[in-house]
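S.K.: Quick one: the structure is below, and I'll ask about it shortly.
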Amino acid sequence: MPDQIEKTTPDPVGAAGAITDAAVTGAATAAPKREKARSLGSDAWYDLRRNPVFVISALLILFLVVVSIWPGLFSSTSPNDCDITKSRHTAESGHPFGYNLQGCDVYARTVYGARASVTVGVCVTVGVALLGGILGGLAGFFGGWWDSILSRITDIFFGIPILLGGLVFLSVINSRSIWVVMGFMIALAWPQISRIARGSVISAKQQDYVQAARALGAGTGRIMLRHILPNAVAPVIVVATIALGTFVSLEATLSFLGVGLEAPTVSWGMDISTAAVQYRNAPHMLLYPAGALSITVLAFIMLGDAVRDALDPKLR
Amino acid sequence: MGRYVIRRLLQMVPVFLGTTFLIFIMVYALGDPVLAFFGDRTPDDATLAAKRHELGLDKPMWEQYVTYMGNVFTGDFGTAFNGQKVTELMGHAFPITIRLTLVAITIEIVFGVGLGLLAGLRRGRIADSSTLIFTLIVISIPTFVTGYLLQYFLAVEWKVIDPAVSADANFSELIVPGFVLAGVSLAYVTRLTRTSIVENLRADYLRTAVAKGLPRRRVITVHLLRNSLIPVVTHLGTDLGLLMGGALVTERIFNIQGVGFQLWNGVLRQNSQTVVGFVTILVLIFLLANLLVDLLYAVLDPRIRYA
């Protein structure tokens, strides 16, 4: 990489090198004063802690995570321990949400359903951010044929609306574990992040500090990790956090359509789907899982909003 | 402009082929349409092989795909396993879903842009914060929950509408399903418009327009709104895919016999011809809509010129 630059711009390299050298030594001497100037990350964290929306959503999410890890703490009844004679019964002591069509305790099922939603939301977001971020980032950094191929692949995946794809692809798979559903969602959702990562890496690559680092003789790996990554990662984090809520909602919709999670797994989407058949006679079967689902999505969307406000300097 | 359109149309070709091939492989490689044809009974191998040969399913995948695409371009989408022509099914289903999508998009534009404009102009006041809370709530409640709730209250409790839409699916019957379908996107359009309006309120050209004494109405409609709509238009293009996917859910709740209904039946009965045919058309619509959006850019923003 360095010799490529020397070929194209032989003269300014020395000058730029000298200037940045001076800047670097200047920065080194000014190092003790540094704790006053905050990085974008700590600045964002400072903003977040003071944002009531973030505090509320973070507490809600913390609660949801605790529920999904230890559901037994909140419900002593098992979600699959059903008594058909109690089908569609309303609330009674010890069973505050009543019973569903199969006579299972709606409260227990609502508590145990949190695990599927939270797992899918978090894992799909992390997977999409990593896969899309790395592929898109590399395409933006190196350009060339890899970039062209990746852009075409992105276009192809963009042509398939995700629910439509879910109906077609997932319906032909016989046993859909939570991993299959998550894998499918990652496979169809990563291009969105990849486009954003590509764009933000390209704009970071053209900045003067990257030229300067290169002129100083920094290797490709160092430029990528120390200069481009910290400056290009913010938009990816913002879009991924906002998408988290929609992934939770998407899993529920797929399960509702009957192409998402399957029986032994407890999922709010599936429960809403079975409750919907009889909801006119027993609305409580529908309302509790639907309410829990909506609150979960709301918490994640609020978190995404707060993170965006903190990380996007344009909106300050 | 003409050259730009042609270039874009040419770029669409590999994307269209890639997308449809992906779907083709998924439907034919993972499912077994011939076994589905016989229902619960398992026929002997000879019958299976004969049927496969008759339908051309014993050929390699790419050859089947080429034959299929060749047929599609002559307007032949094949026959569903119950003997109905797929084009015939499309003729019934597409007008209904197009009507539903039109209703939803109109609702999205009218209410989304209207609310966004209101919130943006009254930034930081009560109208703004209540709009923000409203959009948060709408985004959080999944479409199928909103659908059942509206159906329950409007149709069952208050009897304002019929719970199921008739086979004709007139515009008047599609208003409530249209609201359900538009819901989440409406909230996104509102937020997008608001952000865009707030940003442009600080623009120099707006200060100039106010300073030279233009009436407020003209400043808002011609100067502010027109410039703020550019990101909204992009969103509407990609949103079409979301709406077509959402139609699967909405049509199921309100028993509308449109594309979602046919696709659902096709998937349930492993009717590969129907599924691939419908999805092919949907992908095509989606790609064309995005092209249309890019052309609309030039209309909204005279700085953008296509060579």
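FYI, nothing fancy with the structure tokens labels: chains A, B, ... in order, residues from 1 per chain, ligands from 1 as they appear.
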I need the contact residues of chain A against chain B, so if you could list those with any atom within 6 Å, counting only C-alpha atoms, and return them as number ranges by chain, that would help.

M.R.: A: 156, 159, 161, 163-164, 172, 294, 297-298

S.K.: Going by DSSP on the backbone, which bits of segment 37-194 of chain A are alpha helix (DSSP H)? Write them as number ranges by chain, please.

M.R.: A: 40-49, 52-69, 106-142, 144-158, 162-171, 178-194

S.K.: Which residues are close to Gly91 of chain B, i.e. within 12 Å by only C-alpha atoms, leaving aside same-chain residues fewer than 5 positions away? Reply as a count of residues only.

M.R.: 12

S.K.: Which of these residues is nearest to Gly136 of chain A, using only C-alpha atoms: A:Leu257, A:Ile196, A:Leu73, A:Leu244?

M.R.: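 Checking each of A:Leu257, A:Ile196, A:Leu73, A:Leu244 against Gly136 of chain A, counting only C-alpha atoms, the winner is A:Ile196.
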
S.K.: Here is a test: counting only C-alpha atoms, which residue of A:Ser255, A:Ser42, A:Thr296, A:Asn51 is nearest to Ile178 of chain A?

M.R.: A:Ser255

S.K.: Using only C-alpha atoms for the distances, tell me which of A:Val65, A:Gly72, A:Gly304, A:Leu130 is nearest to Val238 of chain A.

M.R.: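 Looking at the shortest contact to Val238 of chain A, the residue is A:Gly304.
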
S.K.: Which is closest to Val222 of chain B among B:Leu206, B:Phe94, B:Gln273, B:Val189, if we use only C-alpha atoms?

M.R.: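 Of all the options, B:Leu206 lies closest to Val222 of chain B.
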
S.K.: Would you please work out which residue, of A:Ala197, A:Val233, A:Val266, A:Ala310, is nearest to Ser177 of chain A when using only C-alpha atoms?

M.R.: A:Val266

S.K.: Could you list, as a list in words, every residue within 12 Å of Ile161 of chain B, counting only C-alpha atoms and ignoring same-chain residues fewer than 2 positions away?

M.R.: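 These residues fall inside the cut-off: Leu150, Gln151, Tyr152, Phe153, Leu154, Ala155, Val156, Glu157, Trp158, Lys159, Pro163, Ala164, Val165, Ser166, Ser172, Glu173, Leu174, Ile175, Val176, Pro177 and Phe254 of chain B.
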
S.K.: Would you mind listing what lies within 9 Å of Ser117 of chain A as a JSON list (two decimals) with C-alpha atoms, in the first residue's frame, with only C-alpha atoms counted and same-chain residues fewer than 3 positions away left out?

M.R.:
[["chain", "number", "residue", "atom", "x", "y", "z"],
["A", 68, "SER", "CA", -35.58, -14.66, 29.74],
["A", 113, "GLY", "CA", -42.07, -16.45, 25.82],
["A", 114, "ALA", "CA", -39.66, -13.63, 26.62],
["A", 120, "VAL", "CA", -33.77, -13.72, 18.49],
["A", 121, "GLY", "CA", -33.60, -9.93, 18.75],
["A", 122, "VAL", "CA", -30.13, -9.81, 20.29],
["A", 247, "PHE", "CA", -36.30, -8.16, 14.46],
["A", 248, "VAL", "CA", -38.28, -9.02, 17.59],
["A", 249, "SER", "CA", -41.43, -7.98, 15.79],
["A", 251, "GLU", "CA", -39.85, -13.17, 14.59],
["A", 252, "ALA", "CA", -43.31, -12.83, 16.12],
["A", 267, "SER", "CA", -43.11, -17.83, 21.45],
["A", 268, "TRP", "CA", -45.48, -14.88, 21.79],
["A", 293, "LEU", "CA", -44.58, -8.38, 22.76],
["A", 296, "THR", "CA", -40.57, -5.54, 24.39]]

S.K.: Find the spatial neighbours of Asp294 of chain B, counting only C-alpha atoms, within a cut-off of 9 Å - ignore same-chain residues fewer than 5 positions away - and output them as a VMD selection string.

M.R.: chain B and resid 233 to 234 237 289

S.K.: Would you kindly return, as a PyMOL selection string, each protein, DNA or RNA residue with an atom no farther than 9 Å from any atom of Arg226 of chain B, considering only C-alpha atoms and excluding same-chain residues fewer than 5 positions away?

M.R.: chain B and resi 220-221+300-301

S.K.: Using N, CA, C and O atoms, can you export the residues from the last selection as an mmCIF file, in the first residue's frame?

M.R.:
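Result written to out26.cif:
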data_model
loop_
_atom_site.group_PDB
_atom_site.id
_atom_site.type_symbol
_atom_site.label_atom_id
_atom_site.label_comp_id
_atom_site.auth_asym_id
_atom_site.auth_seq_id
_atom_site.Cartn_x
_atom_site.Cartn_y
_atom_site.Cartn_z
ATOM 1 N N ILE B 220 -44.015 27.320 3.205
ATOM 2 C CA ILE B 220 -44.099 25.951 3.716
ATOM 3 C C ILE B 220 -44.292 24.942 2.587
ATOM 4 O O ILE B 220 -43.571 23.943 2.509
ATOM 5 N N THR B 221 -45.245 25.209 1.676
ATOM 6 C CA THR B 221 -45.529 24.179 0.669
ATOM 7 C C THR B 221 -44.431 24.105 -0.382
ATOM 8 O O THR B 221 -43.930 23.023 -0.674
ATOM 9 N N LEU B 300 -38.212 16.234 -7.880
ATOM 10 C CA LEU B 300 -38.247 16.957 -6.613
ATOM 11 C C LEU B 300 -37.028 17.855 -6.436
ATOM 12 O O LEU B 300 -37.109 18.916 -5.853
ATOM 13 N N ASP B 301 -35.892 17.382 -6.893
ATOM 14 C CA ASP B 301 -34.659 18.130 -6.672
ATOM 15 C C ASP B 301 -34.006 18.468 -8.001
ATOM 16 O O ASP B 301 -33.369 17.634 -8.615
#
